[in-house]
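What follows is my_file.cif (mmCIF, C-alpha atoms).
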```
data_protein
#
loop_
_atom_site.label_atom_id
_atom_site.label_comp_id
_atom_site.auth_asym_id
_atom_site.auth_seq_id
_atom_site.Cartn_x
_atom_site.Cartn_y
_atom_site.Cartn_z
CA MET I 25 144.89 111.63 99.59
CA PRO I 26 142.48 114.52 100.38
CA THR I 27 141.72 115.12 104.03
CA ASN I 28 139.31 117.29 105.95
CA GLN I 29 142.01 119.95 105.85
CA ASP I 30 141.26 120.39 102.14
CA THR I 31 137.89 121.91 102.99
CA ALA I 32 137.81 125.68 102.59
CA PRO I 33 137.64 127.66 105.85
CA GLY I 34 134.09 128.29 107.00
CA VAL I 35 132.61 125.70 104.58
CA ALA I 36 131.12 122.51 106.04
CA ASP I 37 132.42 119.22 104.74
CA ASP I 38 129.44 117.69 102.88
CA ARG I 39 131.16 114.40 102.03
CA PRO I 40 129.59 112.31 104.85
CA ALA I 41 126.14 113.56 103.83
CA ALA I 42 126.96 112.93 100.17
CA TRP I 43 127.99 109.33 100.84
CA ASP I 44 124.86 108.76 102.94
CA LEU I 45 122.69 110.08 100.11
CA LEU I 46 124.48 107.94 97.53
CA ARG I 47 123.92 104.86 99.69
CA LYS I 48 120.20 105.66 99.94
CA VAL I 49 119.95 106.28 96.19
CA SER I 50 121.66 102.93 95.54
CA LEU I 51 119.15 101.16 97.79
CA LEU I 52 116.26 102.91 96.04
CA ALA I 53 117.58 102.05 92.56
CA THR I 54 117.72 98.34 93.44
CA SER I 55 114.66 98.23 95.68
CA PRO I 56 112.10 95.43 95.58
CA LEU I 57 108.58 96.73 95.01
CA LEU I 58 107.49 96.10 98.59
CA ASP I 59 110.22 98.38 99.97
CA ILE I 60 110.17 101.18 97.41
CA ALA I 61 107.99 103.62 99.41
CA PRO I 62 109.98 103.48 102.69
CA ARG I 63 113.27 103.64 100.76
CA LEU I 64 112.07 106.69 98.84
CA GLN I 65 111.04 108.39 102.08
CA ALA I 66 114.44 107.54 103.63
CA ALA I 67 116.33 108.90 100.60
CA LEU I 68 114.39 112.18 100.72
CA SER I 69 115.14 112.79 104.38
CA PRO I 70 116.32 115.23 105.70
CA ALA I 71 115.97 117.40 102.58
CA VAL I 72 112.23 116.70 102.35
CA ARG I 73 110.28 115.43 105.34
CA CYS I 74 106.68 114.24 105.46
CA SER I 75 104.40 112.44 107.88
CA ALA I 76 103.38 109.94 105.19
CA LEU I 77 104.41 109.08 101.63
CA LEU I 78 101.86 107.54 99.25
CA ILE I 79 102.40 106.15 95.74
CA PHE I 80 99.53 105.27 93.38
CA THR I 81 100.53 103.38 90.22
CA GLU I 82 98.43 101.22 87.96
CA ASP I 83 101.60 99.54 86.67
CA CYS I 84 101.22 97.26 89.71
CA ALA I 85 97.82 95.65 89.28
CA ASP I 86 98.18 93.68 92.51
CA ARG I 87 99.27 96.56 94.77
CA PRO I 88 98.46 99.95 93.18
CA GLN I 89 99.19 101.69 96.50
CA LYS I 90 102.62 101.80 98.13
CA LYS I 91 102.90 103.57 101.47
CA SER I 92 105.31 104.64 104.14
CA GLY I 93 105.08 106.72 107.30
CA ASP I 94 102.41 107.47 109.89
CA GLU I 95 100.17 104.40 110.09
CA SER I 96 97.16 106.51 111.11
CA ILE I 97 97.39 108.02 107.61
CA THR I 98 98.68 105.13 105.51
CA SER I 99 96.07 102.70 106.88
CA LYS I 100 93.18 105.03 105.93
CA ALA I 101 94.39 106.48 102.61
CA SER I 102 92.29 104.99 99.81
CA ILE I 103 92.71 104.36 96.10
CA GLU I 104 89.57 106.46 95.50
CA GLU I 105 91.17 109.49 97.17
CA LEU I 106 94.41 109.17 95.23
CA GLU I 107 92.64 108.59 91.93
CA ARG I 108 90.39 111.61 92.51
CA LEU I 109 93.43 113.73 93.39
CA ARG I 110 95.24 112.70 90.21
CA ARG I 111 92.15 113.22 88.06
CA SER I 112 91.47 116.69 89.48
CA HIS I 113 94.98 117.82 88.49
CA SER I 114 95.34 115.87 85.25
CA GLU I 115 97.33 118.62 83.51
CA GLN I 116 99.77 119.26 86.34
CA VAL I 117 103.04 117.48 87.04
CA ARG I 118 103.62 118.99 90.49
CA TRP I 119 101.29 120.86 92.84
CA ARG I 120 100.81 121.77 96.48
CA ALA I 121 97.38 122.01 98.07
CA THR I 122 95.15 121.18 101.00
CA ASP I 123 93.06 118.15 100.09
CA LEU I 124 91.21 115.15 101.46
CA ILE I 125 93.61 112.31 102.34
CA ALA I 126 92.90 109.48 104.78
CA GLY I 127 89.49 111.00 105.47
CA SER I 128 90.80 114.41 106.62
CA GLU I 129 91.88 117.69 105.05
CA ARG I 130 95.69 117.73 105.01
CA GLU I 131 98.45 119.70 103.37
CA ILE I 132 99.98 117.70 100.53
CA LEU I 133 102.62 117.93 97.84
CA ALA I 134 101.85 115.82 94.78
CA LEU I 135 104.01 114.81 91.80
CA ARG I 136 102.94 112.91 88.69
CA TYR I 137 105.32 110.71 86.67
CA VAL I 138 104.25 111.38 83.09
CA PRO I 139 105.43 108.13 81.39
CA SER I 140 103.19 105.92 83.57
CA ASN I 141 100.85 108.52 85.12
CA ALA I 142 101.96 107.32 88.57
CA LEU I 143 101.26 109.66 91.47
CA LEU I 144 103.39 110.53 94.51
CA VAL I 145 101.76 112.27 97.47
CA LEU I 146 103.71 113.68 100.41
CA VAL I 147 101.48 114.41 103.40
CA ASP I 148 102.47 117.37 105.60
CA PRO I 149 105.58 118.13 103.49
CA GLU I 150 108.42 120.14 104.94
CA PHE I 151 111.56 121.17 103.08
CA GLY I 152 114.80 121.12 105.04
CA ASP I 153 118.34 122.01 104.12
CA ALA I 154 119.72 120.43 100.96
CA PRO I 155 121.82 117.40 102.01
CA VAL I 156 124.57 117.74 99.38
CA GLY I 157 126.31 120.97 98.48
CA PRO I 158 124.17 123.50 96.64
CA ALA I 159 121.56 120.97 95.43
CA ASP I 160 117.98 122.23 95.73
CA SER I 161 115.59 120.07 97.79
CA GLY I 162 112.93 120.37 95.10
CA ASP I 163 115.35 119.13 92.44
CA LEU I 164 116.30 116.21 94.67
CA LEU I 165 112.63 115.33 95.14
CA ASP I 166 112.03 115.38 91.37
CA TYR I 167 115.09 113.22 90.71
CA LEU I 168 114.34 110.61 93.37
CA TRP I 169 110.66 110.36 92.41
CA ASP I 170 111.57 109.82 88.75
CA LEU I 171 114.04 107.14 89.86
CA ALA I 172 111.46 105.37 92.04
CA ALA I 173 108.71 105.50 89.39
CA ALA I 174 111.10 104.19 86.73
CA ARG I 175 112.15 101.40 89.11
CA ILE I 176 108.51 100.35 89.52
CA ARG I 177 108.05 100.21 85.75
CA GLU I 178 111.30 98.25 85.35
CA LYS I 179 110.33 95.64 87.97
CA VAL I 180 106.87 95.16 86.49
CA ALA I 181 108.17 95.01 82.90
CA ASP I 182 110.76 92.37 83.82
CA ALA I 183 108.01 90.29 85.46
CA PRO I 184 110.35 87.93 87.36
CA PRO I 185 108.79 84.63 88.49
CA SER I 186 108.71 85.71 92.16
CA TYR I 187 106.73 88.85 91.23
CA LEU I 188 104.31 86.86 89.08
CA ARG I 189 103.71 84.27 91.81
CA GLU I 190 103.06 86.97 94.38
CA SER I 191 100.79 88.94 92.03
CA ARG I 192 98.74 85.85 91.19
CA ALA I 193 98.28 84.94 94.84
CA VAL I 194 97.40 88.51 95.86
CA SER I 195 94.93 88.87 92.98
CA ALA I 196 93.20 85.62 93.86
CA GLU I 197 92.93 86.50 97.54
CA ARG I 198 91.68 90.05 96.83
CA THR I 199 89.02 88.75 94.45
CA ARG I 200 87.88 86.16 96.97
CA VAL I 201 87.61 88.65 99.84
CA THR I 202 85.95 91.31 97.70
CA THR I 203 83.39 88.85 96.38
CA GLU I 204 82.55 87.69 99.89
CA LEU I 205 82.12 91.28 101.09
CA VAL I 206 79.99 92.29 98.14
CA ASP I 207 77.76 89.23 98.46
CA ARG I 208 77.30 89.72 102.20
CA PHE I 209 76.58 93.45 102.14
CA SER I 210 74.53 93.29 98.96
CA ALA I 211 72.22 90.72 100.55
CA SER I 212 71.87 92.87 103.67
CA LEU I 213 71.15 96.06 101.75
CA GLU I 214 68.72 94.36 99.38
CA ALA I 215 66.83 92.98 102.39
CA LEU I 216 66.80 96.45 103.93
CA LEU I 217 65.46 97.97 100.73
CA ALA I 218 62.73 95.35 100.48
CA THR I 219 61.67 96.09 104.05
CA LEU I 220 61.71 99.84 103.63
CA ARG I 221 59.71 99.68 100.42
CA SER I 222 57.02 97.66 102.12
CA GLY I 223 53.62 99.37 102.26
CA HIS I 224 53.03 98.02 105.76
CA ILE I 225 55.56 100.35 107.39
CA ALA I 226 54.43 103.75 108.64
CA ASP I 227 56.35 107.04 108.71
CA ALA I 228 56.82 107.51 104.99
CA PRO I 229 59.41 110.32 105.22
CA ALA I 230 61.69 108.23 107.40
CA ARG I 231 61.26 105.26 105.09
CA GLN I 232 62.08 107.40 102.05
CA LYS I 233 65.25 108.78 103.65
CA ALA I 234 66.41 105.32 104.70
CA THR I 235 65.62 103.95 101.25
CA GLU I 236 67.73 106.63 99.58
CA TRP I 237 70.61 105.95 101.98
CA ALA I 238 70.51 102.20 101.41
CA ALA I 239 70.31 102.61 97.62
CA HIS I 240 73.25 105.02 97.65
CA THR I 241 75.30 102.60 99.77
CA LEU I 242 74.48 99.69 97.48
CA VAL I 243 75.56 101.65 94.39
CA GLY I 244 78.78 102.65 96.12
CA LEU I 245 79.50 99.07 97.06
CA ARG I 246 78.95 97.85 93.51
CA THR I 247 81.15 100.68 92.20
CA ARG I 248 83.92 99.74 94.61
CA ASP I 249 83.72 96.13 93.43
CA ASP I 250 83.93 97.21 89.78
CA ARG I 251 86.87 99.48 90.58
CA THR I 252 88.71 96.65 92.38
CA HIS I 253 88.31 94.37 89.37
CA GLY I 254 89.28 97.24 87.06
CA LEU I 255 92.61 97.67 88.84
CA ALA I 256 93.25 93.94 88.93
CA GLU I 257 92.45 93.34 85.25
CA GLU I 258 93.37 94.82 81.90
CA PRO I 259 91.27 94.54 78.71
CA VAL I 260 93.00 92.16 76.33
CA GLY I 261 92.95 94.75 73.52
CA THR I 262 94.58 97.39 75.74
CA ALA I 263 97.26 94.93 76.85
CA PHE I 264 98.02 93.99 73.22
CA ASN I 265 98.22 97.65 72.12
CA ARG I 266 100.72 98.34 74.92
CA LEU I 267 102.77 95.40 73.66
CA ARG I 268 102.76 96.78 70.13
CA ASP I 269 103.89 100.20 71.38
CA ASP I 270 106.68 98.57 73.41
CA LEU I 271 107.99 96.56 70.46
CA ARG I 272 107.80 99.26 67.79
CA PRO I 273 111.18 100.87 68.68
CA LEU I 274 112.78 97.42 68.85
CA SER I 275 111.51 96.60 65.38
CA GLU I 276 112.70 99.90 63.92
CA ALA I 277 116.15 99.55 65.46
CA GLY I 278 116.57 95.92 64.41
CA GLY I 279 115.30 96.27 60.86
CA VAL I 280 112.92 93.33 61.33
CA GLU I 281 109.26 93.54 60.32
CA LEU I 282 106.87 92.77 63.17
CA GLN I 283 103.41 91.60 62.17
CA PHE I 284 100.65 91.66 64.81
CA ILE I 285 97.44 89.65 64.74
CA GLU I 286 95.15 91.28 67.27
CA PRO I 287 93.05 89.31 69.76
CA PRO I 288 89.24 89.35 69.52
CA ALA I 289 87.87 92.68 70.71
CA ASP I 290 85.43 90.93 73.06
CA GLY I 291 88.07 88.64 74.57
CA ARG I 292 88.14 88.14 78.30
CA ALA I 293 90.07 90.74 80.34
CA LEU I 294 93.52 89.66 81.53
CA PRO I 295 94.54 89.54 85.19
CA GLY I 296 97.30 92.07 85.79
CA GLU I 297 100.03 89.49 86.33
CA VAL I 298 99.10 87.68 83.10
CA ALA I 299 99.18 90.93 81.10
CA HIS I 300 102.60 91.83 82.54
CA ALA I 301 103.98 88.36 81.91
CA ALA I 302 102.61 88.21 78.35
CA ARG I 303 104.29 91.48 77.38
CA SER I 304 107.56 90.49 79.05
CA ILE I 305 107.54 87.10 77.31
CA MET I 306 106.81 88.67 73.95
CA ARG I 307 109.62 91.20 74.36
CA GLY I 308 112.02 88.41 75.30
CA LEU I 309 111.00 86.27 72.34
CA ALA I 310 111.31 89.18 69.91
CA MET I 311 114.80 90.01 71.20
CA VAL I 312 116.14 86.47 70.99
CA MET I 313 114.60 85.95 67.54
CA MET I 314 116.07 89.20 66.19
CA GLU I 315 119.56 88.06 67.18
CA GLN I 316 119.39 85.23 64.63
CA PRO I 317 121.01 85.63 61.21
CA LYS I 318 118.92 86.15 58.05
CA ILE I 319 115.70 86.94 59.91
CA GLN I 320 113.36 89.42 58.25
CA ARG I 321 109.95 88.95 59.83
CA ILE I 322 108.30 87.98 63.14
CA ARG I 323 104.59 87.28 63.40
CA ALA I 324 102.88 87.62 66.81
CA GLN I 325 99.33 86.58 67.61
CA TRP I 326 97.25 86.60 70.81
CA ASP I 327 94.03 84.70 71.29
CA CYS I 328 91.88 83.57 74.20
CA ASP I 329 89.91 80.36 74.65
CA GLY I 330 88.08 81.67 77.72
CA LYS I 331 90.46 80.00 80.15
CA ASN I 332 93.91 80.77 78.74
CA LEU I 333 95.73 83.56 76.97
CA LEU I 334 97.23 81.89 73.89
CA ILE I 335 100.39 83.45 72.47
CA HIS I 336 101.77 82.29 69.13
CA VAL I 337 105.02 83.68 67.71
CA ARG I 338 106.67 82.65 64.44
CA ASP I 339 109.86 83.88 62.78
CA ASP I 340 111.24 83.26 59.28
CA GLY I 341 114.79 82.48 60.39
CA LEU I 342 116.85 79.35 59.93
CA GLY I 343 114.98 77.34 62.54
CA ALA I 344 118.00 77.03 64.81
CA LEU I 345 116.69 78.71 67.97
CA ASP I 346 118.08 76.84 71.00
CA HIS I 347 115.65 76.25 73.85
CA GLN I 348 118.65 76.14 76.23
CA ALA I 349 119.47 79.79 75.53
CA PRO I 350 119.55 81.76 78.84
CA ILE I 351 116.81 84.18 77.80
CA LEU I 352 114.51 81.29 76.84
CA GLN I 353 115.20 79.60 80.16
CA ARG I 354 114.19 82.83 81.92
CA LEU I 355 110.99 83.03 79.88
CA GLN I 356 110.25 79.42 80.75
CA ARG I 357 110.50 80.26 84.46
CA GLN I 358 108.09 83.17 83.99
CA VAL I 359 105.59 80.87 82.29
CA GLN I 360 105.96 78.19 84.96
CA ALA I 361 105.36 80.77 87.71
CA LEU I 362 101.83 81.19 86.31
CA LYS I 363 101.36 77.44 85.80
CA GLY I 364 101.45 77.90 82.03
CA THR I 365 103.22 76.10 79.19
CA LEU I 366 105.79 77.15 76.59
CA ASN I 367 106.52 74.97 73.56
CA LEU I 368 109.28 75.80 71.10
CA SER I 369 109.33 74.09 67.69
CA PRO I 370 112.30 74.98 65.43
CA ILE I 371 112.00 73.75 61.84
CA ALA I 372 115.34 73.74 60.03
CA GLY I 373 115.31 76.16 57.12
CA TRP I 374 111.77 77.40 57.87
CA GLY I 375 111.89 79.24 61.19
CA THR I 376 110.75 78.70 64.76
CA ASP I 377 107.25 78.43 66.22
CA VAL I 378 106.68 79.30 69.87
CA ALA I 379 103.33 78.57 71.55
CA VAL I 380 102.59 79.85 75.06
CA ALA I 381 99.45 79.25 77.12
CA LEU I 382 98.91 81.29 80.30
CA PRO I 383 95.93 80.35 82.51
CA LEU I 384 93.73 83.35 83.29
CA ASP I 385 92.56 81.96 86.62
CA ALA I 386 94.85 81.13 89.51
CA PRO I 387 94.85 77.40 90.25
CA ARG I 388 93.12 76.31 93.41
CA SER I 389 95.75 76.21 96.11
CA SER I 390 96.36 72.98 97.95
CA ALA I 391 98.16 74.89 100.68
CA VAL I 392 97.49 74.00 104.29
CA ASP I 393 97.86 76.27 107.28
CA VAL I 394 101.55 76.92 108.03
CA ALA I 395 100.86 79.40 110.82
CA HIS I 396 102.16 76.90 113.37
CA TRP I 397 105.66 77.46 111.97
CA LYS I 398 105.43 81.04 113.30
CA LEU I 399 107.57 82.45 110.49
CA ALA I 400 108.18 86.18 110.44
CA LYS I 401 107.27 87.96 107.21
CA ARG I 402 110.89 88.15 106.05
CA GLU I 403 111.52 84.49 106.97
CA PHE I 404 108.49 83.50 104.89
CA GLU I 405 109.86 85.45 101.90
CA VAL I 406 113.31 83.88 102.29
CA LEU I 407 111.79 80.40 102.43
CA GLN I 408 109.75 81.01 99.25
CA LEU I 409 112.83 82.19 97.35
CA LEU I 410 114.93 79.33 98.72
CA ALA I 411 112.26 76.85 97.62
CA SER I 412 112.26 78.37 94.13
CA GLY I 413 115.93 77.39 93.82
CA GLN I 414 117.62 80.74 94.45
CA GLY I 415 120.95 80.95 96.26
CA ASN I 416 121.84 83.28 99.12
CA ARG I 417 123.23 86.00 96.86
CA ALA I 418 120.15 86.00 94.61
CA ILE I 419 117.89 86.12 97.68
CA SER I 420 119.85 89.04 99.14
CA MET I 421 119.56 90.99 95.88
CA GLN I 422 115.85 90.19 95.53
CA LEU I 423 115.01 91.31 99.07
CA GLY I 424 117.55 94.11 99.34
CA ILE I 425 119.32 92.65 102.38
CA SER I 426 122.85 91.39 103.01
CA GLU I 427 123.91 87.77 102.51
CA ASN I 428 124.67 87.54 106.24
CA THR I 429 121.10 88.58 106.98
CA VAL I 430 119.85 85.92 104.55
CA LYS I 431 121.92 83.29 106.38
CA PHE I 432 120.50 84.48 109.69
CA HIS I 433 116.92 84.10 108.38
CA ILE I 434 117.68 80.67 106.91
CA ARG I 435 119.00 79.44 110.26
CA ASN I 436 115.78 80.60 111.90
CA VAL I 437 113.72 78.91 109.18
CA PHE I 438 115.59 75.62 109.64
CA ARG I 439 114.99 75.79 113.39
CA LYS I 440 111.27 76.55 113.08
CA LEU I 441 110.67 73.93 110.37
CA GLU I 442 112.88 71.41 112.21
CA VAL I 443 114.94 70.63 109.11
CA ARG I 444 118.68 70.43 108.53
CA SER I 445 119.16 71.32 104.87
CA ARG I 446 117.93 73.61 102.09
CA ALA I 447 116.60 70.59 100.22
CA GLU I 448 114.46 69.54 103.20
CA ALA I 449 113.15 73.09 103.66
CA ALA I 450 112.34 73.42 99.95
CA ALA I 451 110.58 70.05 99.87
CA LEU I 452 108.50 70.97 102.92
CA ALA I 453 107.56 74.36 101.41
CA HIS I 454 106.41 72.72 98.17
CA SER I 455 104.47 70.04 100.04
CA ARG I 456 102.56 72.75 101.90
CA GLY I 457 101.71 74.63 98.70
CA MET I 458 103.73 77.65 99.81
CA MET I 459 104.84 78.48 96.28
CA ASP I 460 101.24 79.54 95.57
CA ALA I 461 100.99 81.61 98.75
CA PRO I 462 101.08 85.41 98.81
#
```
Go ahead and express the file in the form of structure tokens.
Amino acid sequence: MPTNQDTAPGVADDRPAAWDLLRKVSLLATSPLLDIAPRLQAALSPAVRCSALLIFTEDCADRPQKKSGDESITSKASIEELERLRRSHSEQVRWRATDLIAGSEREILALRYVPSNALLVLVDPEFGDAPVGPADSGDLLDYLWDLAAARIREKVADAPPSYLRESRAVSAERTRVTTELVDRFSASLEALLATLRSGHIADAPARQKATEWAAHTLVGLRTRDDRTHGLAEEPVGTAFNRLRDDLRPLSEAGGVELQFIEPPADGRALPGEVAHAARSIMRGLAMVMMEQPKIQRIRAQWDCDGKNLLIHVRDDGLGALDHQAPILQRLQRQVQALKGTLNLSPIAGWGTDVAVALPLDAPRSSAVDVAHWKLAKREFEVLQLLASGQGNRAISMQLGISENTVKFHIRNVFRKLEVRSRAEAAALAHSRGMMDAP
């Protein structure tokens, strides 16, 4: 067995640093979306240090920003700043500059992930010594950023039920708050404009300047509202075209013809979580259908009745698709997470019809205030996953924590809810509408 004596004289033993880096890479590769920014920052250190790390990705409609580091920066950094930064360097993959971030001019290092156009921004970057052997810190940064960006795409593409529930709740809450803010400030600014435009007020220059300011603010507010909805929604035609691009390689590899019936061009835009789920469901259906013998063609159609995205898929197989198949059970859970329906109708000798309806609007929550339970954020997440039927191991993998830590949180949850079993805790969570909570 090699020992430290095997290290050449005068050469530092990098194995402890190597193992530490591998552990951090493993955590990053399996990271839940909420933890991906701090885990990326941890994996980069000490090779690359920064006061704040910012990620901007439109793959995540519910949370396009992911942040870690100095709260005085992360709390002020805006989507508008990151989008402007990406747009101003649209042809570059990596650049270093002094630019406006969090309302101040700061030194930044930015990297763009070409497949999804995601952006990584390191504020006040500083390169240290490479943590493993002769590896270059810049190469490590490129590798870890590609890994993180690919992980984000993977999590969104899989669209697990927990992600869809969270996205739906976050989207609904953001829309509600944004609408309230726009209504309130629009009314105030419109009243101000009406007053300033009045002919009964003297000092015309002052009135003109104030009028211009109020009009500019009103336009900015409306633009911000449009941008918020733009991030949260995806045109139905764009979502369908992305689906077709995703499935084309699958069709070519499987030798099965895929026919697409496009949705109406003027169809209602899809909330981000519905678009993600629809593509994930379609990919799953195509894969399970292609595994059947003697199948030559799959026909996929999207439509919208104004309230639901309607997905209809038909194959020309033997009509023996089993609704108990594991992949179909997973798709059923995705559909149920959005309060939708999935109906499978196999017809012996003729093929299988699958009809899916996904509501475009989040259902009104019947949740009551559970603040009196005084659950910590992680305890709340553990309770939601427990109530969805997941075991300790699945919860630990979902949250990126150990099973012992899961057990610790569950004991605290039991104590705060005053229950004695998982069944009681799950029943109480469902009765309070927690499964619709963000």
Env of segment 55-72 of chain I: 9 Å cut, atoms = only C-alpha atoms, seq-sep filter 5 positions within chain, self excluded. Answer as a short mmCIF file (atom, residue, chain, number, x, y, z; two decimals) with C-alpha atoms, keeping the file's coordinate frame.
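The resulting file, part21.cif, is reproduced below:
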```cif
data_model
loop_
_atom_site.label_atom_id
_atom_site.label_comp_id
_atom_site.auth_asym_id
_atom_site.auth_seq_id
_atom_site.Cartn_x
_atom_site.Cartn_y
_atom_site.Cartn_z
CA ASP I 44 124.86 108.76 102.94
CA LEU I 45 122.69 110.08 100.11
CA LEU I 46 124.48 107.94 97.53
CA ARG I 47 123.92 104.86 99.69
CA LYS I 48 120.20 105.66 99.94
CA VAL I 49 119.95 106.28 96.19
CA SER I 50 121.66 102.93 95.54
CA LEU I 77 104.41 109.08 101.63
CA LEU I 78 101.86 107.54 99.25
CA ILE I 79 102.40 106.15 95.74
CA LYS I 90 102.62 101.80 98.13
CA LYS I 91 102.90 103.57 101.47
CA SER I 92 105.31 104.64 104.14
CA GLY I 93 105.08 106.72 107.30
CA PRO I 149 105.58 118.13 103.49
CA GLU I 150 108.42 120.14 104.94
CA PHE I 151 111.56 121.17 103.08
CA GLY I 152 114.80 121.12 105.04
CA ASP I 153 118.34 122.01 104.12
CA ALA I 154 119.72 120.43 100.96
CA PRO I 155 121.82 117.40 102.01
CA ASP I 160 117.98 122.23 95.73
CA SER I 161 115.59 120.07 97.79
CA GLY I 162 112.93 120.37 95.10
CA LEU I 164 116.30 116.21 94.67
CA LEU I 165 112.63 115.33 95.14
CA LEU I 168 114.34 110.61 93.37
CA TRP I 169 110.66 110.36 92.41
CA ALA I 172 111.46 105.37 92.04
CA ARG I 175 112.15 101.40 89.11
CA ILE I 176 108.51 100.35 89.52
CA LYS I 179 110.33 95.64 87.97
CA VAL I 180 106.87 95.16 86.49
CA TYR I 187 106.73 88.85 91.23
CA MET I 421 119.56 90.99 95.88
CA GLN I 422 115.85 90.19 95.53
CA LEU I 423 115.01 91.31 99.07
CA GLY I 424 117.55 94.11 99.34
#
```
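For Ser275 of chain I, the residues within 12 Å (counting all atoms listed in the file, excluding itself and residues fewer than 4 positions away along the chain) are Arg268, Asp269, Asp270, Leu271, Gly279, Val280, Glu281, Leu282, Gln283, Phe284, Arg307, Ala310, Met311, Met313, Met314, Glu315, Ile319, Gln320, Arg321, Ile322 and Arg323 of chain I.
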Residues from last step as file, C-alpha atoms, as a PDB file, keeping the file's coordinate frame:
```
ATOM      1  CA  ARG I 268     102.760  96.780  70.130  1.00  0.00           C
ATOM      2  CA  ASP I 269     103.890 100.200  71.380  1.00  0.00           C
ATOM      3  CA  ASP I 270     106.680  98.570  73.410  1.00  0.00           C
ATOM      4  CA  LEU I 271     107.990  96.560  70.460  1.00  0.00           C
ATOM      5  CA  GLY I 279     115.300  96.270  60.860  1.00  0.00           C
ATOM      6  CA  VAL I 280     112.920  93.330  61.330  1.00  0.00           C
ATOM      7  CA  GLU I 281     109.260  93.540  60.320  1.00  0.00           C
ATOM      8  CA  LEU I 282     106.870  92.770  63.170  1.00  0.00           C
ATOM      9  CA  GLN I 283     103.410  91.600  62.170  1.00  0.00           C
ATOM     10  CA  PHE I 284     100.650  91.660  64.810  1.00  0.00           C
ATOM     11  CA  ARG I 307     109.620  91.200  74.360  1.00  0.00           C
ATOM     12  CA  ALA I 310     111.310  89.180  69.910  1.00  0.00           C
ATOM     13  CA  MET I 311     114.800  90.010  71.200  1.00  0.00           C
ATOM     14  CA  MET I 313     114.600  85.950  67.540  1.00  0.00           C
ATOM     15  CA  MET I 314     116.070  89.200  66.190  1.00  0.00           C
ATOM     16  CA  GLU I 315     119.560  88.060  67.180  1.00  0.00           C
ATOM     17  CA  ILE I 319     115.700  86.940  59.910  1.00  0.00           C
ATOM     18  CA  GLN I 320     113.360  89.420  58.250  1.00  0.00           C
ATOM     19  CA  ARG I 321     109.950  88.950  59.830  1.00  0.00           C
ATOM     20  CA  ILE I 322     108.300  87.980  63.140  1.00  0.00           C
ATOM     21  CA  ARG I 323     104.590  87.280  63.400  1.00  0.00           C
TER      22      ARG I 323
END
```
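Coordinates place atom CA of Glu105 of chain I at a distance of 7.1 Å from atom CA of Leu124 of chain I.
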> Using all atoms listed in the file, which residues sit within 6 Å of Glu131 of chain I once same-chain residues fewer than 5 positions away are excluded, as a count of residues only?
Replying inline: 3
> Any chance you could work out the residue set of the PyMOL selection byres ((chain I and resi 303) around 10) here, as JSON, numbers by chain?
Replying inline: {"I": [181, 182, 183, 263, 264, 266, 267, 268, 270, 271, 298, 299, 300, 301, 302, 304, 305, 306, 307, 308, 309]}
>> Show me the residues close to (103.7, 110.2, 84.5) - anything with an atom within 10 Å, counting all atoms listed in the file - and format the list as a VMD selection string.
In response: chain I and resid 81 117 135 to 143 170 173 to 174
> Out of I:Ala76, I:Leu334, I:Leu407, I:Ala126, which residue has the shortest atom-to-atom distance to Lys100 of chain I when counting all atoms listed in the file?
Replying inline: I:Ala126
Running the PyMOL selection byres ((chain I and resi 294) around 7) on this model by hand, what would come out? Give it as a JSON list (two decimals) with C-alpha atoms, in the coordinates of the input.
```json
[["chain", "number", "residue", "atom", "x", "y", "z"],
["I", 257, "GLU", "CA", 92.45, 93.34, 85.25],
["I", 258, "GLU", "CA", 93.37, 94.82, 81.90],
["I", 259, "PRO", "CA", 91.27, 94.54, 78.71],
["I", 260, "VAL", "CA", 93.00, 92.16, 76.33],
["I", 292, "ARG", "CA", 88.14, 88.14, 78.30],
["I", 293, "ALA", "CA", 90.07, 90.74, 80.34],
["I", 295, "PRO", "CA", 94.54, 89.54, 85.19],
["I", 296, "GLY", "CA", 97.30, 92.07, 85.79],
["I", 298, "VAL", "CA", 99.10, 87.68, 83.10],
["I", 299, "ALA", "CA", 99.18, 90.93, 81.10],
["I", 384, "LEU", "CA", 93.73, 83.35, 83.29]]
```
Specify as a JSON list (two decimals) with C-alpha atoms, keeping the file's coordinate frame each residue included when the PyMOL selection byres ((chain I and resi 360-371) around 7) is applied to this file.
```json
[["chain", "number", "residue", "atom", "x", "y", "z"],
["I", 185, "PRO", "CA", 108.79, 84.63, 88.49],
["I", 188, "LEU", "CA", 104.31, 86.86, 89.08],
["I", 189, "ARG", "CA", 103.71, 84.27, 91.81],
["I", 343, "GLY", "CA", 114.98, 77.34, 62.54],
["I", 344, "ALA", "CA", 118.00, 77.03, 64.81],
["I", 345, "LEU", "CA", 116.69, 78.71, 67.97],
["I", 347, "HIS", "CA", 115.65, 76.25, 73.85],
["I", 356, "GLN", "CA", 110.25, 79.42, 80.75],
["I", 357, "ARG", "CA", 110.50, 80.26, 84.46],
["I", 358, "GLN", "CA", 108.09, 83.17, 83.99],
["I", 359, "VAL", "CA", 105.59, 80.87, 82.29],
["I", 372, "ALA", "CA", 115.34, 73.74, 60.03],
["I", 373, "GLY", "CA", 115.31, 76.16, 57.12],
["I", 374, "TRP", "CA", 111.77, 77.40, 57.87],
["I", 375, "GLY", "CA", 111.89, 79.24, 61.19],
["I", 376, "THR", "CA", 110.75, 78.70, 64.76],
["I", 377, "ASP", "CA", 107.25, 78.43, 66.22],
["I", 378, "VAL", "CA", 106.68, 79.30, 69.87],
["I", 379, "ALA", "CA", 103.33, 78.57, 71.55],
["I", 380, "VAL", "CA", 102.59, 79.85, 75.06],
["I", 381, "ALA", "CA", 99.45, 79.25, 77.12],
["I", 382, "LEU", "CA", 98.91, 81.29, 80.30],
["I", 383, "PRO", "CA", 95.93, 80.35, 82.51]]
```
